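Participant: Contents of run-v7.cif (mmCIF, C-alpha atoms):
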```cif
data_run
loop_
_atom_site.label_atom_id
_atom_site.label_comp_id
_atom_site.auth_asym_id
_atom_site.auth_seq_id
_atom_site.Cartn_x
_atom_site.Cartn_y
_atom_site.Cartn_z
CA MET T 153 0.00 0.00 0.00
CA LYS T 154 2.94 2.32 0.75
CA THR T 155 4.18 1.77 -2.80
CA VAL T 156 0.75 2.56 -4.23
CA LYS T 157 0.50 5.69 -2.11
CA LYS T 158 3.95 6.83 -3.16
CA SER T 159 3.08 6.15 -6.77
CA ALA T 160 -0.15 8.08 -6.46
CA ILE T 161 1.68 11.05 -4.96
CA ALA T 162 4.29 10.88 -7.69
CA ILE T 163 1.58 10.82 -10.36
CA CYS T 164 -0.15 13.80 -8.79
CA GLU T 165 3.17 15.65 -9.01
CA ALA T 166 3.54 14.47 -12.60
CA LEU T 167 0.12 15.88 -13.45
CA LYS T 168 1.18 19.23 -12.09
CA MET T 169 4.41 19.06 -14.09
CA LYS T 170 2.55 17.79 -17.22
CA THR T 171 4.85 14.80 -17.64
CA GLN T 172 3.93 11.26 -18.65
CA PRO T 173 4.55 8.75 -15.77
CA LYS T 174 4.32 5.64 -17.95
CA THR T 175 6.70 3.65 -15.77
CA LEU T 176 4.59 4.23 -12.68
CA LEU T 177 1.45 2.90 -14.36
CA SER T 178 3.18 -0.34 -15.22
CA THR T 179 3.75 -1.14 -11.55
CA ILE T 180 0.15 -0.87 -10.32
CA SER T 181 -3.32 -1.69 -11.57
CA LEU T 182 -5.66 1.08 -12.69
CA ARG T 183 -8.10 0.11 -9.96
CA ALA T 184 -5.42 0.43 -7.22
CA LEU T 185 -4.28 3.69 -8.78
CA ARG T 186 -7.77 5.12 -8.71
CA LYS T 187 -8.23 4.21 -5.03
CA ALA T 188 -4.86 5.70 -4.16
CA LEU T 189 -5.62 8.91 -6.05
CA GLU T 190 -9.02 9.23 -4.39
CA LYS T 191 -7.42 8.93 -0.98
CA ALA T 192 -4.47 11.17 -1.77
CA LEU T 193 -6.65 13.89 -3.31
CA GLY T 194 -9.35 13.59 -0.68
CA ILE T 195 -12.23 13.23 -3.20
CA GLY T 196 -14.99 10.75 -3.88
CA THR T 197 -15.10 8.48 -6.91
CA LEU T 198 -12.48 9.36 -9.49
CA VAL T 199 -13.23 8.62 -13.14
CA LEU T 200 -9.95 8.02 -14.90
CA GLY T 201 -9.66 9.71 -18.25
CA ILE T 202 -12.21 12.37 -17.32
CA SER T 203 -11.00 13.79 -14.00
CA ALA T 204 -7.39 13.71 -15.26
CA PRO T 205 -5.99 14.21 -18.77
CA ALA T 206 -5.72 10.97 -20.70
CA TRP T 207 -2.19 11.81 -21.86
CA ALA T 208 -1.02 12.06 -18.24
CA LEU T 209 -2.38 8.65 -17.27
CA ASP T 210 -1.40 7.07 -20.58
CA LEU T 211 -4.92 5.57 -20.95
CA THR T 212 -4.86 5.75 -24.74
CA THR T 213 -2.99 2.45 -24.87
CA SER T 214 -5.00 0.62 -22.21
CA PRO T 215 -7.12 -2.43 -23.15
CA HIS T 216 -10.29 -0.47 -22.34
CA SER T 217 -9.22 2.36 -24.61
CA GLU T 218 -8.45 -0.02 -27.49
CA ALA T 219 -11.89 -1.60 -27.14
CA GLY T 220 -13.47 1.85 -27.27
CA ASN T 221 -11.53 2.73 -30.40
CA LYS T 222 -12.68 -0.47 -32.12
CA GLU T 223 -16.29 0.29 -31.21
CA ASN T 224 -16.00 3.77 -32.65
CA LYS T 225 -14.54 2.36 -35.83
CA THR T 226 -17.48 0.00 -36.23
CA MET T 227 -20.13 2.60 -35.40
CA PRO T 228 -20.52 3.94 -38.98
CA GLN T 229 -21.29 0.42 -40.20
CA SER T 230 -23.77 -0.19 -37.40
CA SER T 231 -25.41 3.16 -38.06
CA ASP T 232 -25.60 2.39 -41.76
CA ASP T 233 -27.16 -1.01 -41.08
CA ALA T 234 -29.71 0.61 -38.81
CA HIS T 235 -30.51 3.15 -41.53
CA LYS T 236 -30.97 0.38 -44.08
CA ASN T 237 -33.27 -1.53 -41.75
CA HIS T 238 -35.29 1.62 -41.07
CA HIS T 239 -35.44 2.36 -44.82
CA ALA T 240 -36.69 -1.16 -45.53
CA GLN T 241 -39.38 -0.83 -42.85
CA THR T 242 -40.60 2.58 -44.04
CA ASN T 243 -40.41 1.84 -47.77
CA PRO T 244 -42.50 -1.24 -48.57
CA PRO T 245 -41.81 -3.24 -51.73
CA SER T 246 -43.21 -1.85 -54.98
CA SER T 247 -46.78 -2.86 -55.68
CA LEU T 248 -49.83 -1.49 -57.44
CA ALA T 249 -51.03 -0.34 -54.01
CA THR T 250 -48.03 1.99 -53.83
CA LEU T 251 -48.22 3.14 -57.47
CA THR T 252 -48.95 6.89 -57.43
CA ASN T 253 -52.57 7.80 -58.27
CA PHE T 254 -53.27 4.42 -59.86
CA GLN T 255 -56.75 4.16 -61.41
CA GLN T 256 -58.75 1.87 -63.66
CA ASN T 257 -60.64 4.22 -65.96
CA ALA T 258 -62.39 1.66 -68.15
CA SER T 259 -62.35 -2.09 -68.66
CA PHE T 260 -59.19 -1.79 -70.80
CA MET T 261 -57.78 1.51 -69.50
CA PHE T 262 -55.50 2.19 -66.54
CA SER T 263 -53.70 5.38 -65.58
CA SER T 264 -51.07 6.23 -62.99
CA GLY T 265 -48.00 8.14 -61.98
CA LEU T 266 -44.54 6.89 -62.94
CA PRO T 267 -44.29 3.10 -62.44
CA ASP T 268 -41.05 1.27 -61.71
CA ALA T 269 -39.97 -1.99 -63.35
CA GLU T 270 -41.62 -4.17 -60.69
CA GLN T 271 -44.92 -2.31 -61.01
CA LEU T 272 -44.83 -2.61 -64.80
CA ALA T 273 -44.34 -6.36 -64.39
CA GLN T 274 -47.33 -6.52 -62.05
CA LEU T 275 -49.43 -4.52 -64.51
CA LYS T 276 -48.51 -7.01 -67.20
CA GLY T 277 -49.79 -9.69 -64.84
CA LYS T 278 -53.13 -7.82 -64.77
CA GLY T 279 -53.30 -7.99 -68.55
CA VAL T 280 -51.68 -4.70 -69.58
CA THR T 281 -50.17 -5.03 -73.03
CA HIS T 282 -49.56 -1.38 -74.01
CA VAL T 283 -47.93 1.53 -72.19
CA ILE T 284 -48.40 5.18 -73.20
CA ASP T 285 -45.86 7.47 -71.56
CA LEU T 286 -46.73 11.19 -71.53
CA ILE T 287 -43.42 12.34 -70.04
CA PRO T 288 -41.09 14.36 -72.32
CA GLY T 289 -37.32 13.94 -72.40
CA ASN T 290 -35.01 10.93 -72.38
CA ARG T 291 -37.17 7.86 -71.84
CA ALA T 292 -34.52 5.24 -72.64
CA ASP T 293 -34.87 3.38 -69.33
CA GLU T 294 -38.59 2.83 -69.75
CA ILE T 295 -38.21 1.88 -73.40
CA ILE T 296 -35.72 -0.83 -72.37
CA THR T 297 -37.83 -2.03 -69.43
CA THR T 298 -41.05 -2.34 -71.43
CA SER T 299 -39.17 -4.09 -74.23
CA GLU T 300 -37.76 -6.64 -71.80
CA LEU T 301 -41.27 -7.23 -70.42
CA GLY T 302 -42.76 -7.61 -73.89
CA LEU T 303 -44.98 -4.52 -73.56
CA ASP T 304 -45.84 -2.26 -76.49
CA TYR T 305 -44.46 1.19 -75.62
CA PHE T 306 -45.51 4.55 -77.05
CA ASN T 307 -44.34 8.01 -76.02
CA VAL T 308 -46.33 11.22 -76.37
CA PRO T 309 -44.08 13.96 -74.91
CA VAL T 310 -46.46 16.46 -73.36
CA ASP T 311 -45.04 19.77 -72.18
CA TRP T 312 -46.61 20.50 -68.80
CA GLU T 313 -46.69 24.23 -69.51
CA GLY T 314 -48.05 23.84 -73.05
CA PRO T 315 -50.14 20.74 -73.87
CA THR T 316 -51.48 20.80 -77.44
CA LEU T 317 -54.34 19.41 -79.49
CA ALA T 318 -51.73 17.58 -81.59
CA ASN T 319 -50.53 15.80 -78.42
CA PHE T 320 -53.99 14.44 -77.76
CA LEU T 321 -54.67 13.47 -81.39
CA ASN T 322 -51.40 11.51 -81.37
CA TYR T 323 -52.50 9.80 -78.16
CA ALA T 324 -55.97 9.03 -79.50
CA ALA T 325 -54.57 7.55 -82.72
CA PHE T 326 -52.51 5.05 -80.76
CA MET T 327 -55.40 4.25 -78.41
CA LYS T 328 -57.61 3.43 -81.39
CA SER T 329 -55.06 0.85 -82.58
CA VAL T 330 -55.56 -1.12 -79.36
CA ASP T 331 -58.05 -3.99 -79.33
CA SER T 332 -60.17 -3.02 -76.34
CA LYS T 333 -61.54 -6.58 -76.06
CA GLU T 334 -58.15 -8.28 -76.01
CA ASP T 335 -55.65 -5.68 -74.79
CA LYS T 336 -55.26 -3.27 -71.90
CA VAL T 337 -53.46 0.08 -71.84
CA LEU T 338 -51.64 1.98 -69.12
CA THR T 339 -51.46 5.75 -69.61
CA HIS T 340 -48.97 7.33 -67.26
CA CYS T 341 -46.93 10.43 -66.51
CA LYS T 342 -45.15 11.39 -63.28
CA LEU T 343 -48.14 11.97 -60.99
CA ASN T 344 -51.04 11.04 -63.29
CA TRP T 345 -52.05 14.64 -63.76
CA ARG T 346 -51.41 14.58 -67.50
CA GLY T 347 -52.73 11.02 -67.58
CA ALA T 348 -55.98 11.87 -65.77
CA ALA T 349 -56.68 14.68 -68.25
CA PHE T 350 -55.92 12.53 -71.30
CA THR T 351 -58.00 9.57 -70.13
CA TYR T 352 -60.88 11.91 -69.27
CA LEU T 353 -60.75 13.44 -72.76
CA TYR T 354 -60.56 10.06 -74.46
CA ARG T 355 -63.53 8.73 -72.54
CA VAL T 356 -65.84 11.69 -73.26
CA ASN T 357 -64.74 12.40 -76.85
CA VAL T 358 -63.95 8.96 -78.28
CA LEU T 359 -65.70 6.40 -76.09
CA GLY T 360 -68.76 8.61 -75.64
CA GLU T 361 -68.94 8.20 -71.87
CA SER T 362 -70.86 10.56 -69.63
CA GLU T 363 -68.78 13.63 -68.86
CA LYS T 364 -69.90 13.61 -65.23
CA THR T 365 -68.82 9.98 -64.82
CA ALA T 366 -65.39 10.62 -66.33
CA LYS T 367 -65.03 13.78 -64.26
CA LYS T 368 -65.11 11.78 -61.01
CA ASP T 369 -61.84 10.03 -61.88
CA LEU T 370 -60.27 13.29 -63.06
CA MET T 371 -61.16 15.22 -59.90
CA ALA T 372 -59.96 12.35 -57.72
CA ILE T 373 -56.46 13.11 -59.08
CA TRP T 374 -56.44 16.87 -59.59
CA HIS T 375 -58.44 19.93 -60.62
CA PRO T 376 -57.06 21.27 -63.93
CA ASN T 377 -55.52 24.73 -63.83
CA PRO T 378 -56.32 27.44 -66.44
CA THR T 379 -53.61 26.23 -68.86
CA TRP T 380 -54.85 22.68 -68.86
CA TYR T 381 -58.50 23.71 -68.80
CA ALA T 382 -57.97 25.73 -71.98
CA PHE T 383 -56.20 22.78 -73.62
CA MET T 384 -59.00 20.38 -72.64
CA ASN T 385 -61.61 22.81 -73.96
CA ASP T 386 -59.75 22.99 -77.31
CA VAL T 387 -59.78 19.19 -77.58
CA ILE T 388 -63.49 18.99 -76.78
CA SER T 389 -64.29 21.76 -79.27
CA HIS T 390 -62.35 19.91 -81.97
CA TYR T 391 -64.28 16.67 -81.43
CA ASN T 392 -67.60 18.49 -81.19
CA ALA T 393 -66.93 19.97 -84.62
CA VAL T 394 -65.84 16.63 -86.11
CA ASN T 395 -68.56 14.49 -84.52
CA ASN T 396 -71.31 17.11 -84.44
CA THR T 397 -71.65 16.67 -80.69
CA GLN T 398 -72.13 19.08 -77.79
CA VAL T 399 -69.87 17.75 -75.07
CA ALA T 400 -68.97 20.31 -72.40
CA MET T 401 -66.99 20.25 -69.19
CA SER T 402 -69.18 20.51 -66.09
CA PHE T 403 -66.56 22.38 -64.07
CA GLU T 404 -64.48 25.53 -64.25
CA ALA T 405 -60.72 25.85 -64.12
CA ALA T 406 -59.08 25.82 -60.72
CA LEU T 407 -58.29 29.29 -59.47
CA PRO T 408 -54.57 30.14 -59.41
CA GLU T 409 -53.04 30.03 -55.94
CA ASN T 410 -52.21 33.37 -54.37
CA HIS T 411 -48.68 33.47 -52.97
#
```
Take the structure in the file and give it back as structure tokens.
Facilitator:
Amino acid sequence: MKTVKKSAIAICEALKMKTQPKTLLSTISLRALRKALEKALGIGTLVLGISAPAWALDLTTSPHSEAGNKENKTMPQSSDDAHKNHHAQTNPPSSLATLTNFQQNASFMFSSGLPDAEQLAQLKGKGVTHVIDLIPGNRADEIITTSELGLDYFNVPVDWEGPTLANFLNYAAFMKSVDSKEDKVLTHCKLNWRGAAFTYLYRVNVLGESEKTAKKDLMAIWHPNPTWYAFMNDVISHYNAVNNTQVAMSFEAALPENH
């Protein structure tokens, strides 16, 4: 005990002098050192490495310190694994239930937001044979995916800020080539806003469905703004002139938001 006490006193002096008493630590256990320091300093429980600088007690090379370093090194991996597990729990596998704004608009017509490869495969399982993509830009990924699935792909690039009558006539021409008794068609864009408008227009102008019936599906997705309302009115006016009909929209354009 005398040796421990002397060592403790020497270490206290070393702390004051800011030296590194490595040789003293090798002669006693950390537990005995702590007890001796507590008694010598006249304090309660001493936490080594916190109450005294780690460099002075040379704790950086102790077994406990090495274990702590290893744990810190493995923490990023553990944190990453936890993140992956959380991501898997909060992001369920792709399914038609998770497909954005998915609708069946007629016996052979579906519409939705942007589907992934798994959702396209599931749609094929439901009988979908044709895919009409209304998104402009590079569509290479979807062209490849639909080709691999054996789906007939067609792109009508519709500018969100400027949809045109020609866009819809192009869409309608492809739709008419589909055998409605044998085939099924998915019309999609990013959120099914374009898609909801196009399927609404096709139903009232080409299939001759009730405008109020078709409107229910449209409004379940979105209320067309003035730009899209004007476009839809142009399409309806065109078909009224061609077919000698009097179809009219039973709603007004959504009012612009005030910011």
Participant: Identify all residues satisfying the PyMOL selection byres ((chain T and resi 382) around 12) in the given file; provide them as a list of chain:residue names.
Facilitator: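 On the file shown, the PyMOL selection byres ((chain T and resi 382) around 12) covers T:Glu313, T:Gly314, T:Pro315, T:Thr316, T:Leu317, T:Ala349, T:Pro376, T:Asn377, T:Pro378, T:Thr379, T:Trp380, T:Tyr381, T:Phe383, T:Met384, T:Asn385, T:Asp386, T:Val387, T:Ile388, T:Ser389, T:Met401, T:Glu404, T:Ala405, T:Ala406.
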Participant: Name every residue that the PyMOL selection byres ((chain T and resi 352) around 12) selects in this structure, writing the answer as a ChimeraX atom specification with chains first and numbers rising.
Facilitator: /T:255-258,261-263,320,324,339,344-351,353-374,376,384-385,387-388,401
Participant: Mind checking which residues fall within 9 Å of range 290-307 of chain T, counting only C-alpha atoms, ignoring those fewer than 4 positions away in the same chain, and posting them as a ChimeraX atom specification?
Facilitator: /T:268-269,272-273,276,280-286,323,326
Participant: Might you pull out every residue within 10 Å of Glu270 in chain T, with only C-alpha atoms counted and same-chain residues fewer than 3 positions away left off, and present them as an NGL selection string?
Facilitator: :T and (245-248 or 267 or 273-276 or 297)
Participant: Could you dump the residues just selected with C-alpha atoms as a PDB file, in the frame of the given file?
Facilitator:
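Output contents, as saved in part20.pdb:
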```pdb
ATOM      1  CA  PRO T 245     -41.810  -3.240 -51.730  1.00  0.00           C
ATOM      2  CA  SER T 246     -43.210  -1.850 -54.980  1.00  0.00           C
ATOM      3  CA  SER T 247     -46.780  -2.860 -55.680  1.00  0.00           C
ATOM      4  CA  LEU T 248     -49.830  -1.490 -57.440  1.00  0.00           C
ATOM      5  CA  PRO T 267     -44.290   3.100 -62.440  1.00  0.00           C
ATOM      6  CA  ALA T 273     -44.340  -6.360 -64.390  1.00  0.00           C
ATOM      7  CA  GLN T 274     -47.330  -6.520 -62.050  1.00  0.00           C
ATOM      8  CA  LEU T 275     -49.430  -4.520 -64.510  1.00  0.00           C
ATOM      9  CA  LYS T 276     -48.510  -7.010 -67.200  1.00  0.00           C
ATOM     10  CA  THR T 297     -37.830  -2.030 -69.430  1.00  0.00           C
TER      11      THR T 297
END
```
Participant: In terms of the shortest atom-to-atom distance over all atoms listed in the file, which of T:Tyr391, T:Ile287, T:Ser259, T:Ala249 is closest to Trp312 in chain T?
Facilitator: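 When distances to Trp312 in chain T are compared using all atoms listed in the file, the smallest one comes from T:Ile287.
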Participant: Around all the atoms of range 322-339 of chain T listed in the file, draw an axis-aligned box and extend it by 3 Å on each of the six sides; I want its centre and edge lengths in Å to one decimal, as lines of an AutoDock Vina configuration file.
Facilitator:
```
center_x = -56.5
center_y = 1.6
center_z = -75.9
size_x = 16.1
size_y = 25.8
size_z = 19.6
```
Participant: Just checking: using all atoms listed in the file, which residue out of T:His375, T:Lys336, T:Lys342, T:His390 ends up closest to Gly277 in chain T?
Facilitator: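 Closest to Gly277 in chain T of all the choices is T:Lys336.
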Participant: So how far away is CA of Ser332 in chain T from CA of Phe403 in chain T, in Å?
Facilitator: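 Separation between CA of Phe403 in chain T and CA of Ser332 in chain T: 28.9 Å.
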Participant: I'd like the interatomic distance between CA of Val330 in chain T and CA of Thr250 in chain T, to a tenth of an Å.
Facilitator: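 Here the two named atoms are 26.8 Å from each other.
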Participant: In Å, how far is it from CA of Gly289 in chain T to CA of Asn319 in chain T?
Facilitator: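 CA of Gly289 in chain T sits 14.6 Å away from CA of Asn319 in chain T.
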